[in-house]
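Enquirer: What follows is target09.pdb, PDB, C-alpha atoms and all ligand atoms.
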```pdb
MODEL        1
ATOM      1  CA  MET A   1      51.600  24.643  71.819
ATOM      2  CA  ALA A   2      50.708  27.252  69.207
ATOM      3  CA  ARG A   3      48.736  30.212  70.474
ATOM      4  CA  LYS A   4      45.479  30.829  68.622
ATOM      5  CA  PRO A   5      45.281  34.459  67.505
ATOM      6  CA  PHE A   6      42.560  36.561  69.099
ATOM      7  CA  ILE A   7      41.152  39.710  67.531
ATOM      8  CA  ALA A   8      38.772  41.680  69.739
ATOM      9  CA  GLY A   9      36.955  44.930  69.145
ATOM     10  CA  ASN A  10      36.305  47.445  71.900
ATOM     11  CA  TRP A  11      33.336  49.569  70.969
ATOM     12  CA  LYS A  12      33.927  51.811  74.028
ATOM     13  CA  MET A  13      30.905  54.165  74.415
ATOM     14  CA  ASN A  14      29.849  53.927  70.779
ATOM     15  CA  MET A  15      27.010  52.420  68.748
ATOM     16  CA  THR A  16      23.336  51.838  69.583
ATOM     17  CA  ALA A  17      21.289  48.655  69.408
ATOM     18  CA  GLU A  18      20.244  49.615  65.883
ATOM     19  CA  SER A  19      23.667  50.503  64.462
ATOM     20  CA  GLY A  20      25.283  47.620  66.351
ATOM     21  CA  LYS A  21      22.907  45.074  64.840
ATOM     22  CA  GLU A  22      23.531  46.505  61.401
ATOM     23  CA  LEU A  23      27.307  46.283  61.787
ATOM     24  CA  ILE A  24      27.208  42.723  63.107
ATOM     25  CA  ALA A  25      24.985  41.693  60.203
ATOM     26  CA  GLN A  26      27.601  43.146  57.837
ATOM     27  CA  LEU A  27      30.476  41.481  59.648
ATOM     28  CA  LYS A  28      28.992  38.007  59.942
ATOM     29  CA  PRO A  29      29.578  36.797  56.375
ATOM     30  CA  LEU A  30      32.957  38.578  56.245
ATOM     31  CA  VAL A  31      34.386  36.706  59.234
ATOM     32  CA  LYS A  32      32.919  33.318  58.403
ATOM     33  CA  GLU A  33      36.257  31.787  57.462
ATOM     34  CA  ALA A  34      38.266  33.382  60.270
ATOM     35  CA  LYS A  35      40.885  31.130  61.811
ATOM     36  CA  CYS A  36      41.297  33.262  64.911
ATOM     37  CA  ASN A  37      39.039  33.852  67.911
ATOM     38  CA  VAL A  38      36.870  36.944  67.408
ATOM     39  CA  ALA A  39      35.056  39.075  69.964
ATOM     40  CA  LEU A  40      33.324  42.432  70.206
ATOM     41  CA  CYS A  41      33.314  44.037  73.652
ATOM     42  CA  VAL A  42      30.236  46.221  73.636
ATOM     43  CA  PRO A  43      28.576  48.639  76.078
ATOM     44  CA  ALA A  44      26.752  46.652  78.781
ATOM     45  CA  ILE A  45      23.287  47.772  77.741
ATOM     46  CA  LEU A  46      23.853  46.447  74.218
ATOM     47  CA  ILE A  47      24.970  42.969  75.319
ATOM     48  CA  PRO A  48      21.603  41.147  75.035
ATOM     49  CA  ALA A  49      20.827  42.568  71.582
ATOM     50  CA  MET A  50      24.361  41.988  70.273
ATOM     51  CA  VAL A  51      24.470  38.411  71.590
ATOM     52  CA  LYS A  52      21.280  37.806  69.625
ATOM     53  CA  ALA A  53      22.662  39.545  66.541
ATOM     54  CA  ALA A  54      25.914  37.553  66.596
ATOM     55  CA  LYS A  55      24.271  34.183  67.179
ATOM     56  CA  GLY A  56      25.495  31.436  64.874
ATOM     57  CA  SER A  57      28.630  33.386  63.898
ATOM     58  CA  LYS A  58      32.273  33.414  64.939
ATOM     59  CA  ILE A  59      31.740  36.640  66.850
ATOM     60  CA  LYS A  60      31.593  36.307  70.633
ATOM     61  CA  ILE A  61      30.228  39.227  72.606
ATOM     62  CA  GLY A  62      32.302  40.583  75.470
ATOM     63  CA  ALA A  63      31.908  43.271  78.125
ATOM     64  CA  GLN A  64      34.040  46.306  78.980
ATOM     65  CA  ASN A  65      34.097  45.928  82.763
ATOM     66  CA  VAL A  66      32.973  43.720  85.646
ATOM     67  CA  HIS A  67      32.652  44.388  89.371
ATOM     68  CA  PHE A  68      34.437  42.311  92.022
ATOM     69  CA  ALA A  69      31.445  41.655  94.274
ATOM     70  CA  LYS A  70      28.787  39.089  93.537
ATOM     71  CA  SER A  71      26.029  41.686  93.984
ATOM     72  CA  GLY A  72      25.224  44.630  96.203
ATOM     73  CA  ALA A  73      25.056  48.396  96.558
ATOM     74  CA  TYR A  74      27.415  49.373  93.696
ATOM     75  CA  THR A  75      25.402  51.789  91.592
ATOM     76  CA  GLY A  76      26.419  51.821  87.945
ATOM     77  CA  GLU A  77      28.445  48.600  88.096
ATOM     78  CA  ILE A  78      27.815  45.259  86.435
ATOM     79  CA  SER A  79      28.221  41.797  87.946
ATOM     80  CA  ALA A  80      29.713  38.587  86.618
ATOM     81  CA  ASP A  81      26.365  36.823  87.011
ATOM     82  CA  MET A  82      24.685  39.454  84.827
ATOM     83  CA  LEU A  83      27.283  38.901  82.106
ATOM     84  CA  LYS A  84      27.177  35.130  82.347
ATOM     85  CA  GLU A  85      23.403  35.115  82.042
ATOM     86  CA  TYR A  86      23.873  36.201  78.418
ATOM     87  CA  GLY A  87      26.760  33.860  77.680
ATOM     88  CA  VAL A  88      29.441  36.566  77.817
ATOM     89  CA  LYS A  89      32.928  35.033  77.905
ATOM     90  CA  TYR A  90      35.358  37.939  77.640
ATOM     91  CA  VAL A  91      35.603  41.058  79.744
ATOM     92  CA  ILE A  92      38.020  43.956  79.344
ATOM     93  CA  ILE A  93      39.575  44.971  82.669
ATOM     94  CA  GLY A  94      41.697  48.012  83.464
ATOM     95  CA  HIS A  95      41.466  49.811  80.148
ATOM     96  CA  SER A  96      43.557  52.991  80.258
ATOM     97  CA  GLU A  97      40.403  55.082  79.813
ATOM     98  CA  ARG A  98      39.011  53.565  82.995
ATOM     99  CA  ARG A  99      42.319  54.180  84.753
ATOM    100  CA  GLN A 100      42.451  57.778  83.464
ATOM    101  CA  TYR A 101      38.828  58.880  83.934
ATOM    102  CA  PHE A 102      37.223  56.517  86.437
ATOM    103  CA  GLY A 103      39.794  55.940  89.143
ATOM    104  CA  GLU A 104      40.726  52.393  88.154
ATOM    105  CA  THR A 105      43.984  51.345  89.837
ATOM    106  CA  ASP A 106      46.219  48.286  89.676
ATOM    107  CA  GLU A 107      44.566  47.195  92.936
ATOM    108  CA  THR A 108      41.004  47.375  91.559
ATOM    109  CA  VAL A 109      42.205  45.757  88.328
ATOM    110  CA  ASN A 110      43.512  42.925  90.482
ATOM    111  CA  LYS A 111      40.203  42.486  92.335
ATOM    112  CA  ARG A 112      38.185  42.521  89.109
ATOM    113  CA  THR A 113      40.573  40.079  87.437
ATOM    114  CA  LEU A 114      40.481  37.569  90.288
ATOM    115  CA  PHE A 115      36.708  37.764  90.479
ATOM    116  CA  ALA A 116      36.294  37.357  86.713
ATOM    117  CA  LEU A 117      38.543  34.268  86.762
ATOM    118  CA  GLU A 118      36.646  32.787  89.707
ATOM    119  CA  ASN A 119      33.516  33.186  87.627
ATOM    120  CA  GLU A 120      35.024  31.588  84.544
ATOM    121  CA  LEU A 121      35.050  34.781  82.520
ATOM    122  CA  THR A 122      38.164  35.465  80.446
ATOM    123  CA  PRO A 123      39.637  38.810  81.497
ATOM    124  CA  ILE A 124      41.389  40.913  78.870
ATOM    125  CA  VAL A 125      43.691  42.772  81.231
ATOM    126  CA  CYS A 126      44.956  46.041  79.749
ATOM    127  CA  VAL A 127      48.399  47.422  80.490
ATOM    128  CA  GLY A 128      50.451  50.164  78.890
ATOM    129  CA  GLU A 129      52.539  53.258  79.471
ATOM    130  CA  THR A 130      51.768  56.915  78.803
ATOM    131  CA  LEU A 131      53.833  59.014  76.425
ATOM    132  CA  SER A 132      55.759  60.720  79.213
ATOM    133  CA  GLU A 133      56.500  57.379  80.851
ATOM    134  CA  ARG A 134      57.895  56.078  77.548
ATOM    135  CA  GLU A 135      59.920  59.235  76.988
ATOM    136  CA  ASN A 136      61.338  59.009  80.502
ATOM    137  CA  GLY A 137      62.424  55.406  79.928
ATOM    138  CA  GLU A 138      59.897  54.110  82.450
ATOM    139  CA  THR A 139      57.933  51.743  80.202
ATOM    140  CA  GLU A 140      59.272  48.536  81.739
ATOM    141  CA  LYS A 141      58.938  49.822  85.295
ATOM    142  CA  VAL A 142      55.290  50.791  84.683
ATOM    143  CA  LEU A 143      54.456  47.468  83.034
ATOM    144  CA  LEU A 144      56.170  45.518  85.799
ATOM    145  CA  LYS A 145      53.983  47.211  88.427
ATOM    146  CA  GLN A 146      50.803  46.831  86.375
ATOM    147  CA  LEU A 147      51.520  43.121  85.924
ATOM    148  CA  THR A 148      52.738  42.255  89.420
ATOM    149  CA  VAL A 149      49.976  44.145  91.240
ATOM    150  CA  GLY A 150      47.247  43.583  88.647
ATOM    151  CA  LEU A 151      47.814  39.835  88.469
ATOM    152  CA  ASN A 152      48.678  39.236  92.113
ATOM    153  CA  GLY A 153      47.138  35.966  93.326
ATOM    154  CA  VAL A 154      46.268  34.656  89.860
ATOM    155  CA  THR A 155      46.758  30.883  89.931
ATOM    156  CA  ASP A 156      46.425  30.086  86.220
ATOM    157  CA  VAL A 157      47.683  32.895  84.016
ATOM    158  CA  THR A 158      46.821  30.957  80.847
ATOM    159  CA  LYS A 159      43.147  31.650  81.613
ATOM    160  CA  LEU A 160      43.513  35.358  80.897
ATOM    161  CA  VAL A 161      44.476  37.578  77.994
ATOM    162  CA  ILE A 162      46.804  40.564  78.228
ATOM    163  CA  ALA A 163      46.281  43.595  76.005
ATOM    164  CA  TYR A 164      49.337  45.815  75.675
ATOM    165  CA  GLU A 165      47.940  49.232  74.835
ATOM    166  CA  PRO A 166      50.444  52.082  74.892
ATOM    167  CA  VAL A 167      48.287  55.036  75.983
ATOM    168  CA  TRP A 168      49.972  57.314  73.427
ATOM    169  CA  ALA A 169      48.800  55.069  70.601
ATOM    170  CA  ILE A 170      45.129  54.889  71.600
ATOM    171  CA  GLY A 171      42.839  56.875  69.342
ATOM    172  CA  THR A 172      45.745  58.982  68.125
ATOM    173  CA  GLY A 173      46.425  57.311  64.792
ATOM    174  CA  LYS A 174      49.991  56.922  66.083
ATOM    175  CA  THR A 175      50.521  53.154  66.147
ATOM    176  CA  ALA A 176      53.547  51.627  67.842
ATOM    177  CA  THR A 177      55.947  50.332  65.208
ATOM    178  CA  ASP A 178      56.001  46.577  64.712
ATOM    179  CA  GLU A 179      59.368  46.507  66.488
ATOM    180  CA  GLN A 180      58.259  48.661  69.436
ATOM    181  CA  ALA A 181      55.153  46.537  69.950
ATOM    182  CA  GLN A 182      57.096  43.264  69.642
ATOM    183  CA  GLU A 183      59.870  44.406  71.973
ATOM    184  CA  THR A 184      57.445  45.545  74.664
ATOM    185  CA  ILE A 185      55.188  42.509  74.377
ATOM    186  CA  LYS A 186      58.279  40.302  74.629
ATOM    187  CA  TYR A 187      59.128  42.117  77.846
ATOM    188  CA  ILE A 188      55.581  41.437  79.104
ATOM    189  CA  ARG A 189      55.917  37.732  78.236
ATOM    190  CA  ASN A 190      59.317  37.518  79.943
ATOM    191  CA  THR A 191      57.861  39.176  83.031
ATOM    192  CA  LEU A 192      54.970  36.708  83.079
ATOM    193  CA  GLY A 193      57.591  33.980  82.751
ATOM    194  CA  LYS A 194      59.347  35.213  85.892
ATOM    195  CA  ILE A 195      56.102  35.320  87.857
ATOM    196  CA  PHE A 196      54.224  32.290  86.501
ATOM    197  CA  GLY A 197      56.903  30.172  84.822
ATOM    198  CA  VAL A 198      58.079  30.253  81.221
ATOM    199  CA  LYS A 199      55.888  27.376  80.106
ATOM    200  CA  ASN A 200      52.743  29.165  81.256
ATOM    201  CA  ALA A 201      53.892  32.534  79.904
ATOM    202  CA  ASN A 202      54.391  30.980  76.493
ATOM    203  CA  ARG A 203      50.729  30.010  76.448
ATOM    204  CA  VAL A 204      49.310  33.441  77.309
ATOM    205  CA  ILE A 205      47.583  35.334  74.502
ATOM    206  CA  ILE A 206      48.976  38.869  74.368
ATOM    207  CA  GLN A 207      47.254  41.424  72.158
ATOM    208  CA  TYR A 208      48.454  44.757  70.878
ATOM    209  CA  GLY A 209      46.053  47.711  70.987
ATOM    210  CA  GLY A 210      46.377  51.317  69.857
ATOM    211  CA  SER A 211      45.371  52.596  66.406
ATOM    212  CA  MET A 212      45.543  49.098  64.961
ATOM    213  CA  ASN A 213      43.708  49.012  61.648
ATOM    214  CA  ALA A 214      43.214  47.181  58.356
ATOM    215  CA  GLN A 215      46.483  48.646  57.013
ATOM    216  CA  ASN A 216      48.914  47.989  59.848
ATOM    217  CA  CYS A 217      47.487  44.739  61.254
ATOM    218  CA  LYS A 218      49.520  42.380  59.065
ATOM    219  CA  GLY A 219      52.882  43.761  60.173
ATOM    220  CA  LEU A 220      51.920  43.699  63.823
ATOM    221  CA  MET A 221      50.441  40.205  63.643
ATOM    222  CA  ALA A 222      53.618  38.909  61.970
ATOM    223  CA  GLN A 223      55.604  39.584  65.161
ATOM    224  CA  PRO A 224      56.413  36.418  67.107
ATOM    225  CA  ASP A 225      55.003  37.544  70.464
ATOM    226  CA  ILE A 226      51.923  39.419  69.213
ATOM    227  CA  ASP A 227      48.926  37.102  69.275
ATOM    228  CA  GLY A 228      46.122  39.472  68.447
ATOM    229  CA  GLY A 229      44.676  42.923  68.656
ATOM    230  CA  LEU A 230      42.320  44.975  70.780
ATOM    231  CA  ILE A 231      40.762  47.322  68.281
ATOM    232  CA  GLY A 232      38.929  50.552  69.113
ATOM    233  CA  GLY A 233      37.987  52.858  66.228
ATOM    234  CA  ALA A 234      38.459  50.262  63.493
ATOM    235  CA  SER A 235      36.019  47.879  65.211
ATOM    236  CA  LEU A 236      33.152  50.290  64.507
ATOM    237  CA  LYS A 237      33.270  49.615  60.766
ATOM    238  CA  PRO A 238      33.079  46.589  58.465
ATOM    239  CA  ASP A 239      36.831  47.134  58.100
ATOM    240  CA  PHE A 240      37.139  45.167  61.340
ATOM    241  CA  ALA A 241      36.713  42.039  59.220
ATOM    242  CA  THR A 242      39.949  42.832  57.349
ATOM    243  CA  ILE A 243      41.805  42.757  60.664
ATOM    244  CA  VAL A 244      40.089  39.493  61.638
ATOM    245  CA  ASN A 245      41.222  38.086  58.282
ATOM    246  CA  PHE A 246      44.778  39.407  58.700
ATOM    247  CA  ASP A 247      46.202  36.077  57.534
ATOM    248  CA  LYS A 248      44.470  36.137  54.153
TER
HETATM  249  P1  LIG B 301      41.979  52.660  68.986
HETATM  250  O1  LIG B 301      42.082  51.416  68.130
HETATM  251  O2  LIG B 301      40.794  53.523  68.630
HETATM  252  O3  LIG B 301      43.269  53.398  69.056
HETATM  253  O4  LIG B 301      41.668  52.144  70.478
HETATM  254  C1  LIG B 301      42.444  51.135  71.009
HETATM  255  C2  LIG B 301      41.832  50.726  72.287
HETATM  256  O5  LIG B 301      41.849  51.464  73.244
HETATM  257  C3  LIG B 301      41.196  49.406  72.348
HETATM  258  O6  LIG B 301      40.871  49.066  73.646
ENDMDL
END
```
Can you turn what I pasted into structure tokens?
Ligand code: 13P
Expert:
Amino acid sequence: MARKPFIAGNWKMNMTAESGKELIAQLKPLVKEAKCNVALCVPAILIPAMVKAAKGSKIKIGAQNVHFAKSGAYTGEISADMLKEYGVKYVIIGHSERRQYFGETDETVNKRTLFALENELTPIVCVGETLSERENGETEKVLLKQLTVGLNGVTDVTKLVIAYEPVWAIGTGKTATDEQAQETIKYIRNTLGKIFGVKNANRVIIQYGGSMNAQNCKGLMAQPDIDGGLIGGASLKPDFATIVNFDK
């Protein structure tokens, strides 16, 4: 079965309700003919306004995190029920910025992922090595741990999306080459095959993320194992539509 490409933006801690609405209004006509799935993962407080702004378009609104408890004393966190109330489908889990600055670990990624799946949200689980890990030849070892611990207990891997985001490529303008991204994503797919079976692994959408933009998207998307992109900086501009329309 062919995998449907999936281009998602990650606004991180950018935009306001005003600028977000303006951008979505600009994007709407530009992505009308898109053949891929499209999402924008926005700051939690902007979700209601952006859901309203994107209504009737191809753009689905996603979140950037979800907690692993149904509710409770977890100041600053957001629950699956809160997201679902607004029709949110996608949620980024384990972004490297959360791992780096907010104490996210493979274990908490695992809890969030299982809880999101239980609640019929589609997790976009982020994995990726740092520059020193790549330079020390540890990329595969790091990815193996992130995948085995992060996805431990998952029963249907086809219900989630993996985003391979090499940390050294995020926000640096230094994109992985098409070959580097393909080779590493192939490794990720093979690893999923060992854990969940080849047939299931072949159905998992795996995105590339890290300085992906309107210029380099075509080359990356042409790789056989790359099914989409998780776009940071370039999702804050109408340029995002060029990435969505990579096949035009
Ligand atoms: P940039 O596209 O800004 O490098 O960010 C990538 C990213 O982290 C998406 O989650």
Enquirer: Any idea what's packed within 8 Å of stretch 63-80 of chain A, counting only C-alpha atoms, ignoring anything in its chain fewer than 4 positions away? Could you give it as a tab-separated table (two decimals) with C-alpha atoms, in the frame of the given file?
Expert:
```
chain	number	residue	atom	x	y	z
A	10	ASN	CA	36.30	47.44	71.90
A	12	LYS	CA	33.93	51.81	74.03
A	41	CYS	CA	33.31	44.04	73.65
A	42	VAL	CA	30.24	46.22	73.64
A	43	PRO	CA	28.58	48.64	76.08
A	44	ALA	CA	26.75	46.65	78.78
A	47	ILE	CA	24.97	42.97	75.32
A	84	LYS	CA	27.18	35.13	82.35
A	88	VAL	CA	29.44	36.57	77.82
A	90	TYR	CA	35.36	37.94	77.64
A	91	VAL	CA	35.60	41.06	79.74
A	92	ILE	CA	38.02	43.96	79.34
A	93	ILE	CA	39.58	44.97	82.67
A	94	GLY	CA	41.70	48.01	83.46
A	111	LYS	CA	40.20	42.49	92.34
A	112	ARG	CA	38.18	42.52	89.11
A	113	THR	CA	40.57	40.08	87.44
A	114	LEU	CA	40.48	37.57	90.29
A	115	PHE	CA	36.71	37.76	90.48
A	116	ALA	CA	36.29	37.36	86.71
A	119	ASN	CA	33.52	33.19	87.63
A	121	LEU	CA	35.05	34.78	82.52
```
Enquirer: Return as a list in words the residues of protein, DNA or RNA that approach ligand LIG 301 (chain B) to within 7 Å, with all atoms listed in the file taken into account.
Expert: Gly9, Asn10, His95, Glu165, Ala169, Ile170, Gly171, Thr172, Gly173, Gly209, Gly210, Ser211, Met212, Leu230, Ile231, Gly232, Gly233 and Ala234 of chain A
Enquirer: Translate the PyMOL selection byres (((chain A and resi 22) around 12) and not hetatm), as applied to the file shown, into an explicit residue set as a PyMOL selection string.
Expert: chain A and resi 15-21+23-28+49-50+53-54+236-238
Enquirer: What is the atom CA of A:Ser235 to atom CA of A:Trp11 distance in Å?
Expert: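 These two atoms are separated by 6.6 Å.
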Enquirer: Around (40.8, 38.4, 58.5), as given in the file, which residues come within 9 Å? Count all atoms listed in the file and list them as number ranges by chain.
Expert: A: 30-31, 33-36, 240-248
Enquirer: Dump C-alpha atoms for the selected residues as a short mmCIF file (atom, residue, chain, number, x, y, z; two decimals), in the frame of the given file?
Expert:
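Saved the output as out_5.cif:
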```cif
data_model
loop_
_atom_site.label_atom_id
_atom_site.label_comp_id
_atom_site.auth_asym_id
_atom_site.auth_seq_id
_atom_site.Cartn_x
_atom_site.Cartn_y
_atom_site.Cartn_z
CA LEU A 30 32.96 38.58 56.24
CA VAL A 31 34.39 36.71 59.23
CA GLU A 33 36.26 31.79 57.46
CA ALA A 34 38.27 33.38 60.27
CA LYS A 35 40.88 31.13 61.81
CA CYS A 36 41.30 33.26 64.91
CA PHE A 240 37.14 45.17 61.34
CA ALA A 241 36.71 42.04 59.22
CA THR A 242 39.95 42.83 57.35
CA ILE A 243 41.80 42.76 60.66
CA VAL A 244 40.09 39.49 61.64
CA ASN A 245 41.22 38.09 58.28
CA PHE A 246 44.78 39.41 58.70
CA ASP A 247 46.20 36.08 57.53
CA LYS A 248 44.47 36.14 54.15
#
```
Enquirer: Emit stretch 63-73 of chain A of the structure in the block as a file comprising all heavy atoms, as an mmCIF file, in the first residue's frame.
Expert:
```cif
data_model
loop_
_atom_site.group_PDB
_atom_site.id
_atom_site.type_symbol
_atom_site.label_atom_id
_atom_site.label_comp_id
_atom_site.auth_asym_id
_atom_site.auth_seq_id
_atom_site.Cartn_x
_atom_site.Cartn_y
_atom_site.Cartn_z
ATOM 1 N N ALA A 63 -1.104 19.673 17.883
ATOM 2 C CA ALA A 63 -0.526 20.226 19.109
ATOM 3 C C ALA A 63 0.964 19.874 19.172
ATOM 4 O O ALA A 63 1.468 19.104 18.350
ATOM 5 C CB ALA A 63 -1.264 19.673 20.309
ATOM 6 N N GLN A 64 1.651 20.437 20.142
ATOM 7 C CA GLN A 64 3.104 20.222 20.257
ATOM 8 C C GLN A 64 3.476 19.338 21.443
ATOM 9 O O GLN A 64 4.657 19.061 21.669
ATOM 10 C CB GLN A 64 3.811 21.572 20.375
ATOM 11 C CG GLN A 64 3.595 22.456 19.159
ATOM 12 C CD GLN A 64 4.231 23.823 19.295
ATOM 13 O OE1 GLN A 64 4.953 24.087 20.262
ATOM 14 N NE2 GLN A 64 3.990 24.690 18.338
ATOM 15 N N ASN A 65 2.469 18.916 22.201
ATOM 16 C CA ASN A 65 2.727 18.057 23.361
ATOM 17 C C ASN A 65 1.398 17.578 23.932
ATOM 18 O O ASN A 65 0.363 18.180 23.675
ATOM 19 C CB ASN A 65 3.499 18.841 24.434
ATOM 20 C CG ASN A 65 4.187 17.936 25.445
ATOM 21 O OD1 ASN A 65 4.248 16.714 25.268
ATOM 22 N ND2 ASN A 65 4.698 18.514 26.501
ATOM 23 N N VAL A 66 1.436 16.496 24.675
ATOM 24 C CA VAL A 66 0.249 16.022 25.403
ATOM 25 C C VAL A 66 0.726 15.285 26.653
ATOM 26 O O VAL A 66 1.763 14.615 26.631
ATOM 27 C CB VAL A 66 -0.636 15.107 24.512
ATOM 28 C CG1 VAL A 66 0.092 13.813 24.130
ATOM 29 C CG2 VAL A 66 -1.961 14.784 25.187
ATOM 30 N N HIS A 67 -0.025 15.437 27.741
ATOM 31 C CA HIS A 67 0.364 14.739 28.977
ATOM 32 C C HIS A 67 -0.138 13.297 28.952
ATOM 33 O O HIS A 67 -0.963 12.936 28.117
ATOM 34 C CB HIS A 67 -0.172 15.475 30.207
ATOM 35 C CG HIS A 67 0.514 15.033 31.460
ATOM 36 N ND1 HIS A 67 -0.055 14.131 32.322
ATOM 37 C CD2 HIS A 67 1.741 15.322 31.942
ATOM 38 C CE1 HIS A 67 0.798 13.902 33.323
ATOM 39 N NE2 HIS A 67 1.901 14.614 33.109
ATOM 40 N N PHE A 68 0.377 12.476 29.878
ATOM 41 C CA PHE A 68 0.010 11.053 29.879
ATOM 42 C C PHE A 68 -1.005 10.696 30.957
ATOM 43 O O PHE A 68 -1.315 9.526 31.156
ATOM 44 C CB PHE A 68 1.251 10.167 29.992
ATOM 45 C CG PHE A 68 2.290 10.677 30.950
ATOM 46 C CD1 PHE A 68 2.167 10.450 32.304
ATOM 47 C CD2 PHE A 68 3.377 11.393 30.479
ATOM 48 C CE1 PHE A 68 3.126 10.911 33.186
ATOM 49 C CE2 PHE A 68 4.345 11.867 31.359
ATOM 50 C CZ PHE A 68 4.224 11.634 32.706
ATOM 51 N N ALA A 69 -1.523 11.699 31.654
ATOM 52 C CA ALA A 69 -2.625 11.430 32.593
ATOM 53 C C ALA A 69 -3.892 12.034 32.017
ATOM 54 O O ALA A 69 -3.843 12.969 31.221
ATOM 55 C CB ALA A 69 -2.330 12.057 33.953
ATOM 56 N N LYS A 70 -5.013 11.479 32.423
ATOM 57 C CA LYS A 70 -6.287 11.984 31.901
ATOM 58 C C LYS A 70 -6.518 13.418 32.354
ATOM 59 O O LYS A 70 -6.954 14.265 31.592
ATOM 60 C CB LYS A 70 -7.426 11.057 32.357
ATOM 61 C CG LYS A 70 -8.745 11.433 31.736
ATOM 62 C CD LYS A 70 -9.790 10.360 31.892
ATOM 63 C CE LYS A 70 -11.157 10.835 31.434
ATOM 64 N NZ LYS A 70 -11.193 11.290 30.038
ATOM 65 N N SER A 71 -6.227 13.677 33.638
ATOM 66 C CA SER A 71 -6.352 15.030 34.196
ATOM 67 C C SER A 71 -5.598 15.017 35.515
ATOM 68 O O SER A 71 -5.117 13.979 35.947
ATOM 69 C CB SER A 71 -7.826 15.374 34.428
ATOM 70 O OG SER A 71 -8.367 14.486 35.387
ATOM 71 N N GLY A 72 -5.491 16.150 36.164
ATOM 72 C CA GLY A 72 -4.880 16.147 37.486
ATOM 73 C C GLY A 72 -3.952 17.313 37.733
ATOM 74 O O GLY A 72 -3.935 18.290 36.987
ATOM 75 N N ALA A 73 -3.172 17.199 38.811
ATOM 76 C CA ALA A 73 -2.304 18.282 39.259
ATOM 77 C C ALA A 73 -0.994 18.270 38.464
ATOM 78 O O ALA A 73 0.030 17.779 38.936
ATOM 79 C CB ALA A 73 -2.051 18.132 40.756
#
```
